[in-house]
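upload-v9.cif follows (mmCIF, C-alpha atoms):
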data_structure
#
loop_
_atom_site.label_atom_id
_atom_site.label_comp_id
_atom_site.auth_asym_id
_atom_site.auth_seq_id
_atom_site.Cartn_x
_atom_site.Cartn_y
_atom_site.Cartn_z
CA MET A 1 161.07 78.98 99.10
CA ASN A 2 158.80 78.22 102.09
CA LYS A 3 156.82 75.71 100.06
CA GLU A 4 160.04 73.96 99.02
CA PHE A 5 161.26 73.87 102.60
CA GLN A 6 157.94 72.48 103.83
CA SER A 7 157.90 69.74 101.21
CA ILE A 8 161.46 68.75 102.12
CA LYS A 9 160.49 68.69 105.81
CA SER A 10 157.40 66.57 105.20
CA PHE A 11 159.44 64.19 103.06
CA TRP A 12 161.93 63.63 105.86
CA ASN A 13 159.15 63.33 108.43
CA SER A 14 157.49 60.58 106.44
CA LEU A 15 160.86 58.88 106.04
CA SER A 16 161.41 59.00 109.80
CA LEU A 17 157.94 57.56 110.42
CA GLN A 18 158.54 54.69 108.01
CA MET A 19 161.80 53.90 109.70
CA GLY A 20 160.07 54.20 113.08
CA LYS A 21 157.74 51.28 112.18
CA ASN A 22 160.68 48.98 112.64
CA LYS A 23 160.76 48.52 116.41
CA ASN A 24 164.56 48.02 116.54
CA ASN A 25 165.19 51.26 114.83
CA HIS A 26 162.60 53.24 116.66
CA ASP A 27 164.77 54.03 119.70
CA ASN A 28 167.79 54.88 117.60
CA MET A 29 165.68 57.19 115.45
CA ARG A 30 164.54 59.08 118.47
CA LEU A 31 168.18 59.80 119.36
CA ILE A 32 169.55 60.90 116.01
CA GLY A 33 166.35 62.12 114.34
CA PRO A 34 166.24 65.80 115.33
CA ILE A 35 169.96 66.48 114.70
CA TRP A 36 170.00 64.55 111.44
CA SER A 37 166.87 66.16 109.88
CA ASN A 38 168.10 69.62 110.94
CA ARG A 39 171.40 69.15 109.11
CA ARG A 40 169.63 67.68 106.09
CA GLY A 41 167.34 70.70 105.94
CA GLN A 42 170.30 73.06 106.02
CA GLU A 43 172.09 71.16 103.26
CA GLU A 44 168.97 71.15 101.12
CA ALA A 45 168.48 74.87 101.63
CA VAL A 46 172.11 75.61 100.69
CA GLY A 47 171.79 73.41 97.58
CA PHE A 48 168.59 75.13 96.61
CA VAL A 49 170.15 78.60 97.01
CA LEU A 50 173.17 77.48 94.96
CA ILE A 51 170.92 76.29 92.15
CA ILE A 52 168.98 79.57 92.22
CA ILE A 53 172.27 81.52 92.01
CA ILE A 54 173.52 79.42 89.07
CA VAL A 55 170.21 79.86 87.25
CA ALA A 56 170.26 83.61 87.87
CA ILE A 57 173.85 83.95 86.60
CA VAL A 58 173.13 81.95 83.43
CA PHE A 59 169.96 84.00 82.86
CA LEU A 60 171.81 87.31 83.30
CA VAL A 61 174.61 86.25 80.93
CA MET A 62 172.07 85.24 78.27
CA LEU A 63 170.09 88.45 78.75
CA SER A 64 173.20 90.63 78.40
CA LEU A 65 174.23 88.76 75.23
CA PHE A 66 170.77 89.15 73.77
CA LEU A 67 170.54 92.87 74.57
CA ARG A 68 174.02 93.58 73.20
CA GLN A 69 173.14 91.96 69.89
CA GLY A 70 169.95 94.04 69.68
CA ASN A 71 171.83 97.32 70.15
CA GLU A 72 174.48 96.48 67.57
CA SER A 73 172.01 96.09 64.75
CA TYR A 74 170.04 99.21 65.55
CA GLU A 75 172.43 101.99 64.64
CA GLU A 76 174.58 101.18 61.69
CA GLU A 77 176.29 102.76 58.73
CA SER A 78 174.67 101.64 55.53
CA ARG A 79 176.27 101.23 52.10
CA GLU A 80 172.86 101.56 50.48
CA VAL A 81 172.26 104.95 52.11
CA TYR A 82 175.78 106.04 51.17
CA TYR A 83 175.13 105.15 47.53
CA TYR A 84 171.90 107.10 47.72
CA LEU A 85 173.70 110.20 49.04
CA ASP A 86 176.47 109.78 46.47
CA SER A 87 173.86 109.66 43.69
CA LEU A 88 171.82 112.53 45.11
CA MET A 89 174.87 114.80 45.16
CA GLU A 90 175.36 114.20 41.41
CA THR A 91 171.81 115.10 40.44
CA THR A 92 171.10 118.42 38.71
CA THR A 93 169.07 121.03 40.59
CA GLU A 94 166.91 123.76 39.06
CA CYS A 95 169.36 126.44 40.14
CA ILE A 96 171.26 128.19 37.35
CA LEU A 97 174.27 130.23 38.38
CA SER A 98 175.57 133.20 36.32
CA TYR A 99 174.55 132.04 32.82
CA GLU A 100 172.20 129.59 31.05
CA PRO A 101 172.42 126.60 31.07
CA ASN A 102 174.81 126.46 34.04
CA PHE A 103 172.62 124.20 36.19
CA LYS A 104 174.26 123.27 39.44
CA LYS A 105 174.58 119.81 40.95
CA THR A 106 173.18 119.20 44.45
CA GLU A 107 176.65 119.04 45.97
CA GLU A 108 177.59 122.41 44.44
CA SER A 109 174.23 123.94 45.36
CA ILE A 110 174.65 123.02 49.03
CA GLU A 111 178.00 124.81 49.04
CA LEU A 112 176.50 127.83 47.23
CA CYS A 113 173.73 127.86 49.82
CA TYR A 114 176.32 127.92 52.61
CA ARG A 115 178.15 130.80 50.91
CA GLY A 116 174.89 132.76 50.47
CA PHE A 117 174.53 132.78 46.67
CA GLU A 118 171.37 133.37 44.65
CA CYS A 119 170.21 131.55 41.53
CA LEU A 120 169.95 133.43 38.23
CA SER A 121 166.17 133.46 38.67
CA GLY A 122 166.58 135.41 41.91
CA GLU A 123 165.55 132.48 44.09
CA ASP A 124 167.51 131.59 47.19
CA VAL A 125 169.83 128.64 46.45
CA CYS A 126 168.99 127.14 49.85
CA GLU A 127 165.29 127.09 49.03
CA VAL A 128 165.88 125.49 45.61
CA VAL A 129 168.20 122.81 46.98
CA ARG A 130 165.85 122.13 49.90
CA GLU A 131 162.96 121.50 47.49
CA HIS A 132 165.16 119.34 45.27
CA VAL A 133 166.41 117.15 48.13
CA ASP A 134 162.93 116.89 49.65
CA LYS A 135 161.41 115.78 46.33
CA ASN A 136 164.10 113.15 45.82
CA LEU A 137 163.84 111.80 49.37
CA LYS A 138 160.08 111.51 49.08
CA SER A 139 160.29 109.58 45.82
CA ALA A 140 162.97 107.21 47.18
CA PHE A 141 161.72 106.45 50.69
CA ASN A 142 158.11 105.83 51.56
CA THR A 143 157.46 106.65 55.20
CA GLY A 144 153.70 106.27 55.11
CA GLU A 145 151.47 103.92 57.09
CA GLY A 146 152.30 100.25 56.69
CA SER A 147 155.85 100.98 55.62
CA ALA A 148 158.80 99.44 57.48
CA LEU A 149 160.48 102.82 57.33
CA LYS A 150 159.21 105.08 60.12
CA GLY A 151 160.93 108.23 58.91
CA TYR A 152 164.14 109.86 57.76
CA GLU A 153 166.28 112.84 58.59
CA PHE A 154 168.67 114.63 56.30
CA TYR A 155 171.01 117.37 57.36
CA SER A 156 174.02 119.20 55.96
CA TYR A 157 176.48 121.23 57.94
CA TYR A 158 179.74 123.01 57.38
CA ASP A 159 182.60 121.82 59.55
CA ASN A 160 186.09 123.31 59.70
CA ASN A 161 187.18 121.48 62.87
CA SER A 162 186.54 124.54 65.06
CA THR A 163 182.98 125.50 64.10
CA LYS A 164 179.92 123.71 62.79
CA GLU A 165 177.21 125.58 60.91
CA GLU A 166 173.94 124.03 59.85
CA ILE A 167 173.04 124.46 56.18
CA LEU A 168 170.05 122.21 55.56
CA ASN A 169 167.76 120.20 57.78
CA LEU A 170 164.94 118.04 56.46
CA SER A 171 162.98 115.32 58.16
CA SER A 172 159.89 113.26 57.74
CA GLY A 173 157.99 110.82 59.94
CA ASP A 174 159.10 109.51 63.27
CA CYS A 175 162.82 109.14 64.09
CA VAL A 176 162.84 107.84 67.67
CA GLY A 177 164.11 104.26 67.41
CA GLY A 178 167.09 102.82 65.61
CA PHE A 179 168.36 103.92 62.25
CA ARG A 180 170.60 103.10 59.31
CA GLY A 181 172.51 106.02 57.91
CA ALA A 182 175.53 107.34 56.08
CA GLU A 183 177.58 110.47 55.68
CA TYR A 184 178.81 112.17 52.54
CA VAL A 185 181.72 114.58 52.78
CA SER A 186 182.32 117.26 50.15
CA PRO A 187 185.27 119.63 50.34
CA ALA A 188 184.44 123.32 50.85
CA PHE A 189 187.69 125.13 51.55
CA PRO A 190 188.84 125.69 54.29
CA GLY A 191 186.53 123.01 55.74
CA ASN A 192 184.11 120.35 54.60
CA ILE A 193 180.40 120.11 54.06
CA ILE A 194 179.03 116.99 55.68
CA SER A 195 175.65 115.68 54.60
CA ARG A 196 174.03 112.93 56.59
CA LEU A 197 170.97 110.82 55.92
CA ASN A 198 169.41 108.56 58.57
CA LEU A 199 166.65 106.12 57.73
CA CYS A 200 164.68 105.38 60.89
CA TYR A 201 163.06 101.99 61.59
CA MET B 1 171.62 52.64 113.19
CA GLN B 2 173.39 51.04 110.24
CA ILE B 3 170.12 50.64 108.29
CA VAL B 4 169.13 54.25 108.87
CA LEU B 5 172.48 55.57 107.62
CA ASN B 6 172.35 53.25 104.58
CA LYS B 7 168.88 54.44 103.65
CA GLY B 8 169.91 58.05 104.21
CA GLY B 9 172.90 57.57 101.94
CA GLN B 10 170.73 56.03 99.26
CA MET B 11 168.33 58.92 99.47
CA LYS B 12 171.23 61.37 99.29
CA ILE B 13 172.58 59.68 96.18
CA GLN B 14 169.12 59.60 94.67
CA GLN B 15 168.60 63.30 95.37
CA MET B 16 172.00 64.17 94.00
CA ALA B 17 171.16 62.20 90.85
CA PHE B 18 167.87 64.06 90.51
CA ILE B 19 169.59 67.41 90.95
CA LEU B 20 172.26 66.45 88.40
CA VAL B 21 169.62 65.38 85.91
CA ALA B 22 167.68 68.60 86.50
CA LEU B 23 170.86 70.64 86.12
CA ILE B 24 171.77 68.86 82.88
CA ILE B 25 168.26 69.44 81.51
CA PHE B 26 168.39 73.08 82.53
CA LEU B 27 171.86 73.66 81.09
CA SER B 28 170.96 71.89 77.85
CA MET B 29 167.82 74.04 77.54
CA ALA B 30 169.80 77.18 78.28
CA SER B 31 172.46 76.26 75.73
CA LEU B 32 169.72 75.42 73.22
CA ILE B 33 168.21 78.90 73.63
CA TYR B 34 171.65 80.51 73.48
CA PHE B 35 172.65 78.66 70.30
CA SER B 36 169.30 79.34 68.64
CA ILE B 37 169.86 83.08 69.28
CA ARG B 38 173.44 82.84 68.00
CA ILE B 39 172.38 80.94 64.89
CA SER B 40 169.61 83.41 64.12
CA SER B 41 172.08 86.30 64.46
CA LEU B 42 174.53 84.41 62.22
CA ARG B 43 171.76 83.95 59.68
CA GLU B 44 170.99 87.67 59.86
CA GLY B 45 174.69 88.39 59.34
CA ALA B 46 174.82 86.07 56.33
CA ASN B 47 171.75 87.76 54.85
CA SER B 48 173.18 91.24 55.31
CA LEU B 49 176.49 90.10 53.75
CA GLU B 50 174.57 88.64 50.83
CA GLU B 51 172.66 91.91 50.42
CA ARG B 52 175.88 93.92 50.56
CA ASN B 53 177.44 91.62 47.98
CA ALA B 54 174.41 92.08 45.72
CA LEU B 55 174.60 95.85 46.18
CA GLU B 56 178.28 95.92 45.23
CA ASN B 57 177.68 93.71 42.19
CA ILE B 58 174.87 95.96 41.00
CA ARG B 59 176.98 99.02 41.63
CA LYS B 60 179.63 97.52 39.34
CA ILE B 61 177.13 97.65 36.47
CA ALA B 62 177.21 101.47 36.58
CA GLY B 63 180.96 101.32 35.96
CA LEU B 64 180.70 99.17 32.82
CA PRO B 65 181.58 101.06 29.61
CA GLU B 66 178.17 100.15 28.16
CA PHE B 67 176.46 102.11 30.93
CA SER B 68 178.88 104.68 32.29
CA PHE B 69 178.41 108.37 31.70
CA SER B 70 181.64 109.95 30.56
CA SER B 71 180.53 112.97 28.58
CA SER B 72 180.88 115.64 31.23
CA GLY B 73 183.00 116.07 34.37
CA ASP B 74 183.86 113.33 36.80
CA CYS B 75 180.95 111.15 37.74
CA ALA B 76 182.17 107.64 38.46
CA GLY B 77 178.81 106.12 39.36
CA CYS B 78 176.63 107.89 36.80
CA ILE B 79 174.68 105.99 34.15
CA ASP B 80 174.27 107.37 30.64
CA PHE B 81 170.52 107.02 30.12
CA ASP B 82 170.80 107.87 26.39
CA LYS B 83 173.35 105.08 25.96
CA VAL B 84 171.14 102.58 27.81
CA LEU B 85 168.22 103.33 25.48
CA ILE B 86 170.39 102.55 22.45
CA LEU B 87 171.85 99.49 24.19
CA LYS B 88 168.37 98.08 24.74
CA GLU B 89 167.78 98.05 20.98
CA ARG B 90 171.05 96.32 20.09
CA LYS B 91 170.31 92.67 19.28
CA SER B 92 173.97 91.62 19.70
CA TYR B 93 173.67 92.42 23.41
CA LYS B 94 170.59 90.27 23.98
CA GLU B 95 172.53 87.27 25.33
CA PHE B 96 175.48 89.26 26.61
CA TRP B 97 174.24 89.90 30.13
CA ASP B 98 174.24 87.06 32.62
CA PHE B 99 171.15 88.27 34.45
CA ASP B 100 167.57 87.09 34.61
CA TYR B 101 166.38 90.65 34.96
CA LEU B 102 168.15 93.97 34.48
CA ALA B 103 166.47 97.36 34.37
CA ILE B 104 167.37 101.00 34.88
CA GLU B 105 164.61 103.21 36.19
CA LYS B 106 164.02 106.75 37.35
CA LEU B 107 162.74 107.24 40.88
CA GLU B 108 159.88 109.25 39.47
CA LYS B 109 157.76 106.46 38.06
CA GLY B 110 156.74 106.38 34.44
CA GLU B 111 156.05 104.00 31.58
CA GLU B 112 158.72 102.01 29.77
CA CYS B 113 161.00 104.09 27.55
CA SER B 114 161.02 103.92 23.78
CA ARG B 115 162.29 106.28 21.08
CA GLU B 116 158.79 107.73 20.89
CA ASN B 117 158.33 108.77 24.52
CA TYR B 118 161.97 109.39 25.55
CA PRO B 119 162.85 111.17 27.86
CA GLU B 120 159.35 111.52 29.32
CA CYS B 121 159.39 107.94 30.58
CA GLY B 122 160.49 106.06 33.67
CA LYS B 123 162.09 102.74 32.92
CA ILE B 124 164.36 100.85 30.52
CA VAL B 125 164.24 97.06 30.82
CA ILE B 126 167.41 95.62 29.28
CA VAL B 127 167.03 91.94 30.22
CA ASN B 128 163.89 90.04 31.14
CA LYS B 129 164.56 86.36 30.49
CA THR B 130 161.86 84.85 32.64
CA GLU B 131 158.68 85.68 34.50
CA ASN B 132 160.03 84.17 37.74
CA PHE B 133 163.28 86.01 38.16
CA GLY B 134 163.13 85.84 41.97
CA LYS B 135 164.40 88.50 44.32
CA VAL B 136 165.36 91.75 42.63
CA SER B 137 168.20 93.73 44.23
CA ARG B 138 168.57 97.45 43.70
CA SER B 139 171.15 100.16 44.02
CA PHE B 140 170.74 103.89 43.56
CA ALA B 141 172.58 105.62 40.72
CA PRO B 142 172.30 109.00 39.02
CA LEU B 143 170.92 108.80 35.48
CA CYS B 144 172.41 111.43 33.17
CA ARG B 145 171.19 112.43 29.74
CA TRP B 146 171.41 115.26 27.24
CA GLU B 147 168.64 117.83 27.74
CA ASN B 148 167.93 120.01 24.72
CA LEU B 149 166.35 122.91 26.64
CA LYS B 150 168.10 126.25 27.27
CA GLY B 151 170.86 125.64 24.76
CA GLY B 152 171.40 122.07 25.85
CA TYR B 153 173.05 120.65 28.95
CA PHE B 154 173.59 117.34 30.74
CA LYS B 155 170.87 116.66 33.25
CA CYS B 156 171.25 114.05 35.99
CA GLU B 157 168.27 112.62 37.85
CA MET B 158 167.95 110.09 40.65
CA GLY B 159 167.51 106.53 39.48
CA GLN B 160 168.13 102.97 40.40
CA ILE B 161 169.54 99.80 38.89
CA LEU B 162 167.41 96.70 39.38
CA ALA B 163 168.94 93.30 38.82
CA SER B 164 168.28 89.65 39.51
CA GLY B 165 170.21 86.51 38.71
CA ARG B 166 173.02 84.20 39.81
CA ASN B 167 175.68 86.87 39.43
CA VAL B 168 173.91 89.39 41.62
CA GLY B 169 174.20 87.42 44.84
#
Would you write out, as structure tokens, the structure that this file holds?
Amino acid sequence: MNKEFQSIKSFWNSLSLQMGKNKNNHDNMRLIGPIWSNRRGQEEAVGFVLIIIIVAIVFLVMLSLFLRQGNESYEEESREVYYYLDSLMETTTECILSYEPNFKKTEESIELCYRGFECLSGEDVCEVVREHVDKNLKSAFNTGEGSALKGYEFYSYYDNNSTKEEILNLSSGDCVGGFRGAEYVSPAFPGNIISRLNLCY
Amino acid sequence: MQIVLNKGGQMKIQQMAFILVALIIFLSMASLIYFSIRISSLREGANSLEERNALENIRKIAGLPEFSFSSSGDCAGCIDFDKVLILKERKSYKEFWDFDYLAIEKLEKGEECSRENYPECGKIVIVNKTENFGKVSRSFAPLCRWENLKGGYFKCEMGQILASGRNVG
């Protein structure tokens, strides 16, 4: 700001000196010079401030637009993840209930886990379904080094509008930044079991 | 006095012109940056729409009668892996599919399926018209088949449909 002001001042000083070389103008310059250059300086300063303000406003508008776009794309519902959950719920687990070969699907097993059932083998349904989901997630999503996917988190909970109870919770890798995810709802009277998978990038 | 004012006016006009030019350059640069950001976000949007379209088109394959699993319960998106193995061998279907590449595979990797190694295999390639089939899109789908163990039951495993071609998107 000071540098700008000094350059403007020196410019007008040199202009005054050039005009002063003409003897006829020299006397007149002496009369109007100080008032004139003072006003010019003020005008220049106001113009400069105005330009700075305009630049700052334009910069802020662009920055806000840019940041808003970034946030939008970072947390989104994904059809691909939904299709994955939809498929996972249809897969057959290793848990047999009551008689052979009554193998239960993942969706049914999660509900049986919530209701506290045991498999025919005596294993806890929750443990069997946890292993099954974990194995499937690991084979579908690589969260290792060099992968675009930083991690994932899967959780199931029972929700009947008044209470929420956690059933399963699995995660791998780092889930700090943005994610793409989806929810799968299965009815479990009187409420619903909601399973959610988030893929973190 | 008159000369001084004239020169001052000229300078003022000149300065104003410089400021206007600078402002125009600045605004055009700002708008250039803004539009480049907008265009890149539009491009991203177009890409994600294209991907979604491809995903939906692939998902439709699971609903085709040649692939769908209808033997047990209600499973709208399930693929009958046994049926696909038979379909692969049918010569009348060779030119039926408008894809450059179409395969159904289990998530647990394995070699290509044949009557000899089925079901201990990982993949059934139905169409493979060319070596350069370009970008392959995928969608997850459960693969169901008849398992002979423990009296026999339908077993569904995680799998995916892989497809490439004009119709995919």
Go through A:Met62, A:Val55, A:Ala45, A:Leu197 one by one, measure the shortest atom-to-atom distance of each to Tyr152 in chain A using only C-alpha atoms, and give the residue with the smallest value.
-> A:Leu197
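Of the listed residues B:Asn57, B:Ser164, B:Ser139, B:Ser28, the one whose atoms come nearest to chain A is B:Ser139, with distances taken using all atoms listed in the file.
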Just so the selection is clear, what residues does the PyMOL selection byres ((chain B) within 8 of (chain A)) cover here, as a PyMOL selection string?
-> chain B and resi 1+4+30+34+37+41+52+55+75+77-78+107-108+139-142+150-153+155-158
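Atom to atom, CA of Glu127 in chain A and CA of Ile194 in chain A stand 18.3 Å apart.
Atom to atom, CA of Thr106 in chain A and CA of Ala163 in chain B stand 26.8 Å apart.
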Applied to this file, what does the PyMOL selection byres ((chain B and resi 126) around 12) return in terms of residues, put as a PyMOL selection string?
-> chain B and resi 66-67+81+83-91+93-105+112-114+123-125+127-129+161-164
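Taking CA of Gln160 in chain B and CA of Ser147 in chain A as the two end points, the separation is 19.7 Å.
Using all atoms listed in the file, the residues found no farther than 10 Å from Gly122 in chain A, other than those of its own chain fewer than 6 positions away, are Cys95, Ile96 and Leu97 of chain A.
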Might you spell out which residues the PyMOL selection byres ((chain B and resi 71) around 10) would select in the displayed file, as a count of residues only?
-> 12
